[in-house]
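Below is one structure, written out as structure tokens; comments come after it.
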Amino acid sequence: MTPMPELPEVEHVRRMLHAAMTGARFTRVVLNRKDLRHPFPRRFADRLRGQAVRRLSRRGKYLLVELSRGDHLVMHLGMTGWFRVEQTNRLRAKRLMADEALERRHDHVIFVMSSGLTVTFTDPRRFGMMDLAAGHDTHSSIATLGPEPLSRDFNARALATACAKRRIALKVALLDQSIVAGIGNIYASEALHLARLSPFRNASTLFAQSGRPRPGCKRLVAAIKAVLRRAITLKESERYRESRFRVYDRDGEACLTPGCRGTIERVWQAGRATYYCRVCQR
DNA sequence: CTGTGTTCCTGTTCGC
DNA sequence: TGCGAACAGGAACACA
């Protein structure tokens, strides 16, 4: 099973698309349906055609394609979205095998680029999204995002402040994209385990009476950065196929924290599965 | 306002 | 072996 797209997966896609699209123009844009999660914006294909790709960036789980006229293509992978990059001429010549045709049944958007590459967005569950925006931070979904977890802006003070008056569980807070951008269900559990913090702990307790972040808050920030960085590195090295998570999908197994004799449990929190060790996570 | 629950969607897994 | 039910969850929205 490929993990759901969270920040590391989206970053991997960004790098892939950067290599495939930067400098090239949209020669042809094909929409195989009129919507994904939301309808495509008006004249979507027309507004892309002829534009060159200046650069590809990422904000949280959103991909941003900066276009030559200055506007931006905003994309989200949802839960099952991904991109395929192929040589356009080989694609034309190809006769599809039955299983391949089955796989292509969820190809919703096709970008034929001037470079001779075709970039296809495929998404079985159609939770993905594509939109156009004037600037990189003018899109409503992106404007409300919290700090990038791997930036300097994301530190213990910033996290403690963002959580200060929130009476929600820590795990739920990490999933809130306005508190910190890019963390999903898997890495929320992973980071809390590495930081040895209980997912049930009230988020506001990261902030001490003295107005300073508690030690756990600093550990959590470090753990989030470590978990995300490791996942990005792992993907680049292609070793991620054999890698496993610390707690995610490990219920019933022994806790990996050195010296801890606990067992990983799976519990239900705000409609989501949370994996944790009740012995070392406090 | 704030937090919880539901909805969208389909491929995969599980139990009978 | 086959079939239906349960499950997976990002983000938006309804609602108390």
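In the structure tokens, each chain is lettered A, B, ... as it comes, each chain's residues begin at 1, and ligands are numbered from 1 in order of appearance.
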Counting only C-alpha atoms (C1' of nucleotides), give me one row per residue of segment 101-176 of chain A with an atom at most 10 Å from an atom of segment 2-13 of chain B, showing the shortest contact pair and its distance in Å to one decimal, sorted by chain then residue number, as a Markdown table.
```
| residue | atom | partner | partner_atom | distance |
| --- | --- | --- | --- | --- |
| A:Asp123 | CA | B:DT10 | C1' | 9.8 |
| A:Pro124 | CA | B:DT10 | C1' | 6.3 |
| A:Arg125 | CA | B:DC9 | C1' | 4.5 |
| A:Arg126 | CA | B:DC9 | C1' | 6.5 |
| A:Phe127 | CA | B:DC9 | C1' | 7.2 |
| A:Arg166 | CA | B:DT2 | C1' | 8.7 |
| A:Arg167 | CA | B:DG3 | C1' | 8.4 |
| A:Ile168 | CA | B:DG3 | C1' | 7.7 |
```
Can you check which parts of chain A lie within 12 Å of chain C? Per residue, the shortest pair of atoms and distance in Å to one decimal, counting only C-alpha atoms (C1' of nucleotides), sorted by chain and number, as JSON lines.
```
{"residue": "A:Met1", "atom": "CA", "partner": "C:DA8", "partner_atom": "C1'", "distance": 10.9}
{"residue": "A:Thr2", "atom": "CA", "partner": "C:DA8", "partner_atom": "C1'", "distance": 11.7}
{"residue": "A:Pro3", "atom": "CA", "partner": "C:DA8", "partner_atom": "C1'", "distance": 10.4}
{"residue": "A:Met4", "atom": "CA", "partner": "C:DG9", "partner_atom": "C1'", "distance": 8.0}
{"residue": "A:Pro5", "atom": "CA", "partner": "C:DG10", "partner_atom": "C1'", "distance": 9.1}
{"residue": "A:Glu6", "atom": "CA", "partner": "C:DG10", "partner_atom": "C1'", "distance": 9.3}
{"residue": "A:Arg37", "atom": "CA", "partner": "C:DA11", "partner_atom": "C1'", "distance": 9.7}
{"residue": "A:His38", "atom": "CA", "partner": "C:DA12", "partner_atom": "C1'", "distance": 10.6}
{"residue": "A:Gly60", "atom": "CA", "partner": "C:DG10", "partner_atom": "C1'", "distance": 11.9}
{"residue": "A:Lys61", "atom": "CA", "partner": "C:DG10", "partner_atom": "C1'", "distance": 9.4}
{"residue": "A:Tyr62", "atom": "CA", "partner": "C:DG10", "partner_atom": "C1'", "distance": 11.2}
{"residue": "A:His76", "atom": "CA", "partner": "C:DG10", "partner_atom": "C1'", "distance": 9.4}
{"residue": "A:Leu77", "atom": "CA", "partner": "C:DG10", "partner_atom": "C1'", "distance": 9.0}
{"residue": "A:Gly78", "atom": "CA", "partner": "C:DG10", "partner_atom": "C1'", "distance": 5.8}
{"residue": "A:Met79", "atom": "CA", "partner": "C:DG10", "partner_atom": "C1'", "distance": 6.5}
{"residue": "A:Thr80", "atom": "CA", "partner": "C:DG9", "partner_atom": "C1'", "distance": 9.9}
{"residue": "A:Gly81", "atom": "CA", "partner": "C:DG10", "partner_atom": "C1'", "distance": 11.4}
{"residue": "A:Arg125", "atom": "CA", "partner": "C:DG9", "partner_atom": "C1'", "distance": 11.2}
{"residue": "A:Arg126", "atom": "CA", "partner": "C:DG10", "partner_atom": "C1'", "distance": 11.3}
{"residue": "A:Phe127", "atom": "CA", "partner": "C:DG10", "partner_atom": "C1'", "distance": 7.6}
{"residue": "A:Gly128", "atom": "CA", "partner": "C:DG10", "partner_atom": "C1'", "distance": 8.9}
{"residue": "A:Met129", "atom": "CA", "partner": "C:DA11", "partner_atom": "C1'", "distance": 10.4}
{"residue": "A:Ser141", "atom": "CA", "partner": "C:DA11", "partner_atom": "C1'", "distance": 9.4}
{"residue": "A:Leu175", "atom": "CA", "partner": "C:DG10", "partner_atom": "C1'", "distance": 9.5}
{"residue": "A:Asp176", "atom": "CA", "partner": "C:DA11", "partner_atom": "C1'", "distance": 10.1}
{"residue": "A:Gln177", "atom": "CA", "partner": "C:DA11", "partner_atom": "C1'", "distance": 9.6}
{"residue": "A:Ser178", "atom": "CA", "partner": "C:DA11", "partner_atom": "C1'", "distance": 11.9}
{"residue": "A:Gly182", "atom": "CA", "partner": "C:DG10", "partner_atom": "C1'", "distance": 10.4}
{"residue": "A:Ile183", "atom": "CA", "partner": "C:DG10", "partner_atom": "C1'", "distance": 10.4}
{"residue": "A:Gly184", "atom": "CA", "partner": "C:DG10", "partner_atom": "C1'", "distance": 7.9}
{"residue": "A:Asn185", "atom": "CA", "partner": "C:DG9", "partner_atom": "C1'", "distance": 7.6}
{"residue": "A:Ile186", "atom": "CA", "partner": "C:DG9", "partner_atom": "C1'", "distance": 10.0}
{"residue": "A:Asp249", "atom": "CA", "partner": "C:DA8", "partner_atom": "C1'", "distance": 11.6}
{"residue": "A:Ala270", "atom": "CA", "partner": "C:DG9", "partner_atom": "C1'", "distance": 11.5}
{"residue": "A:Gly271", "atom": "CA", "partner": "C:DG9", "partner_atom": "C1'", "distance": 9.1}
{"residue": "A:Arg272", "atom": "CA", "partner": "C:DG9", "partner_atom": "C1'", "distance": 7.4}
{"residue": "A:Ala273", "atom": "CA", "partner": "C:DG9", "partner_atom": "C1'", "distance": 9.3}
{"residue": "A:Thr274", "atom": "CA", "partner": "C:DG9", "partner_atom": "C1'", "distance": 11.9}
```
Inset, instruction - Could you tell me, as a VMD selection string, which residues of segment 87-274 of chain A DSSP assigns to strand (DSSP E) when given the backbone? - result: chain A and resid 87 107 to 113 117 to 122 129 to 133 264 to 269 272 to 274
Legend entry - All alpha helix (DSSP H) residues (DSSP, backbone) inside segment 11-243 of chain A, as a ChimeraX atom specification: /A:11-21,44-48,88-93,98-103,140-143,156-163,170-175,185-194,215-236
Legend entry - Residue contacts of Val227 of chain A (8 Å, only C-alpha atoms (C1' of nucleotides)) excluding same-chain residues fewer than 5 positions away, as a PyMOL selection string: chain A and resi 187+190-191
For the residues selected in the previous step, produce a file with C-alpha atoms as a tab-separated table (two decimals), in the first residue's frame.
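The resulting file, out-v1.tsv, is reproduced below:
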```tsv
chain	number	residue	atom	x	y	z
A	187	TYR	CA	2.88	11.42	10.40
A	190	GLU	CA	4.63	9.08	14.06
A	191	ALA	CA	5.70	12.48	15.40
```
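Considering only C-alpha atoms, the residue among A:Ile110, A:Ala158, A:Val172, A:Leu194 positioned nearest to Phe83 of chain A is A:Ile110.
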Legend entry - Close residues, segment 197-201 of chain A itself excluded, 9 Å, only C-alpha atoms (C1' of nucleotides), min 3 positions apart in chain, as a list in words: Ile168, Ala169, Leu170, Lys171, Val172, Ala188, Ser189, Ala191, Leu192, His193, Leu194, Ser204, Thr205, Gly216, Arg219, Leu220, Gln269, Thr274, Tyr275, Tyr276, Cys277, Arg278, Cys280, Gln281 and Arg282 of chain A
Filtering to C-alpha atoms, could you give me those residues as a tab-separated table (two decimals), in the first residue's frame?
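Result saved to out_33.tsv:
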```
chain	number	residue	atom	x	y	z
A	168	ILE	CA	-8.45	19.82	21.41
A	169	ALA	CA	-6.35	16.67	21.60
A	170	LEU	CA	-2.75	17.03	20.40
A	171	LYS	CA	-3.29	14.49	17.61
A	172	VAL	CA	-6.27	16.47	16.33
A	188	ALA	CA	0.78	12.86	13.24
A	189	SER	CA	0.97	9.49	15.01
A	191	ALA	CA	5.70	12.48	15.40
A	192	LEU	CA	3.81	12.11	18.69
A	193	HIS	CA	5.45	8.75	19.30
A	194	LEU	CA	8.94	10.06	18.58
A	204	SER	CA	-3.09	23.95	25.07
A	205	THR	CA	-0.79	22.20	27.56
A	216	GLY	CA	7.38	18.64	25.31
A	219	ARG	CA	10.43	17.80	21.47
A	220	LEU	CA	7.31	17.72	19.32
A	269	GLN	CA	-9.86	9.88	17.64
A	274	THR	CA	-4.48	6.90	16.06
A	275	TYR	CA	-1.57	4.55	16.79
A	276	TYR	CA	0.36	5.05	20.02
A	277	CYS	CA	2.07	3.51	23.03
A	278	ARG	CA	0.35	4.33	26.30
A	280	CYS	CA	5.99	5.90	26.89
A	281	GLN	CA	3.70	8.55	25.42
A	282	ARG	CA	2.60	10.91	28.19
```
For segment 115-121 of chain A: contacts at 7 Å, only C-alpha atoms (C1' of nucleotides), fewer than 5 positions along chain excluded, given as an mmCIF file with C-alpha atoms, in the first residue's frame:
```
data_model
loop_
_atom_site.group_PDB
_atom_site.id
_atom_site.type_symbol
_atom_site.label_atom_id
_atom_site.label_comp_id
_atom_site.auth_asym_id
_atom_site.auth_seq_id
_atom_site.Cartn_x
_atom_site.Cartn_y
_atom_site.Cartn_z
ATOM 1 C CA ALA A 24 8.084 23.608 -20.850
ATOM 2 C CA GLY A 81 -4.120 11.272 -6.543
ATOM 3 C CA TRP A 82 -0.792 10.909 -8.305
ATOM 4 C CA PHE A 83 0.982 11.872 -11.518
ATOM 5 C CA ARG A 84 2.441 9.776 -14.297
ATOM 6 C CA VAL A 85 5.131 11.182 -16.604
ATOM 7 C CA GLU A 86 5.572 9.583 -20.033
ATOM 8 C CA GLN A 87 7.057 10.304 -23.433
ATOM 9 C CA THR A 88 4.264 11.717 -25.591
ATOM 10 C CA ASP A 107 -6.861 9.453 -15.664
ATOM 11 C CA HIS A 108 -8.751 12.731 -15.283
ATOM 12 C CA VAL A 109 -6.336 15.416 -16.482
ATOM 13 C CA ILE A 110 -3.672 15.183 -19.181
#
```
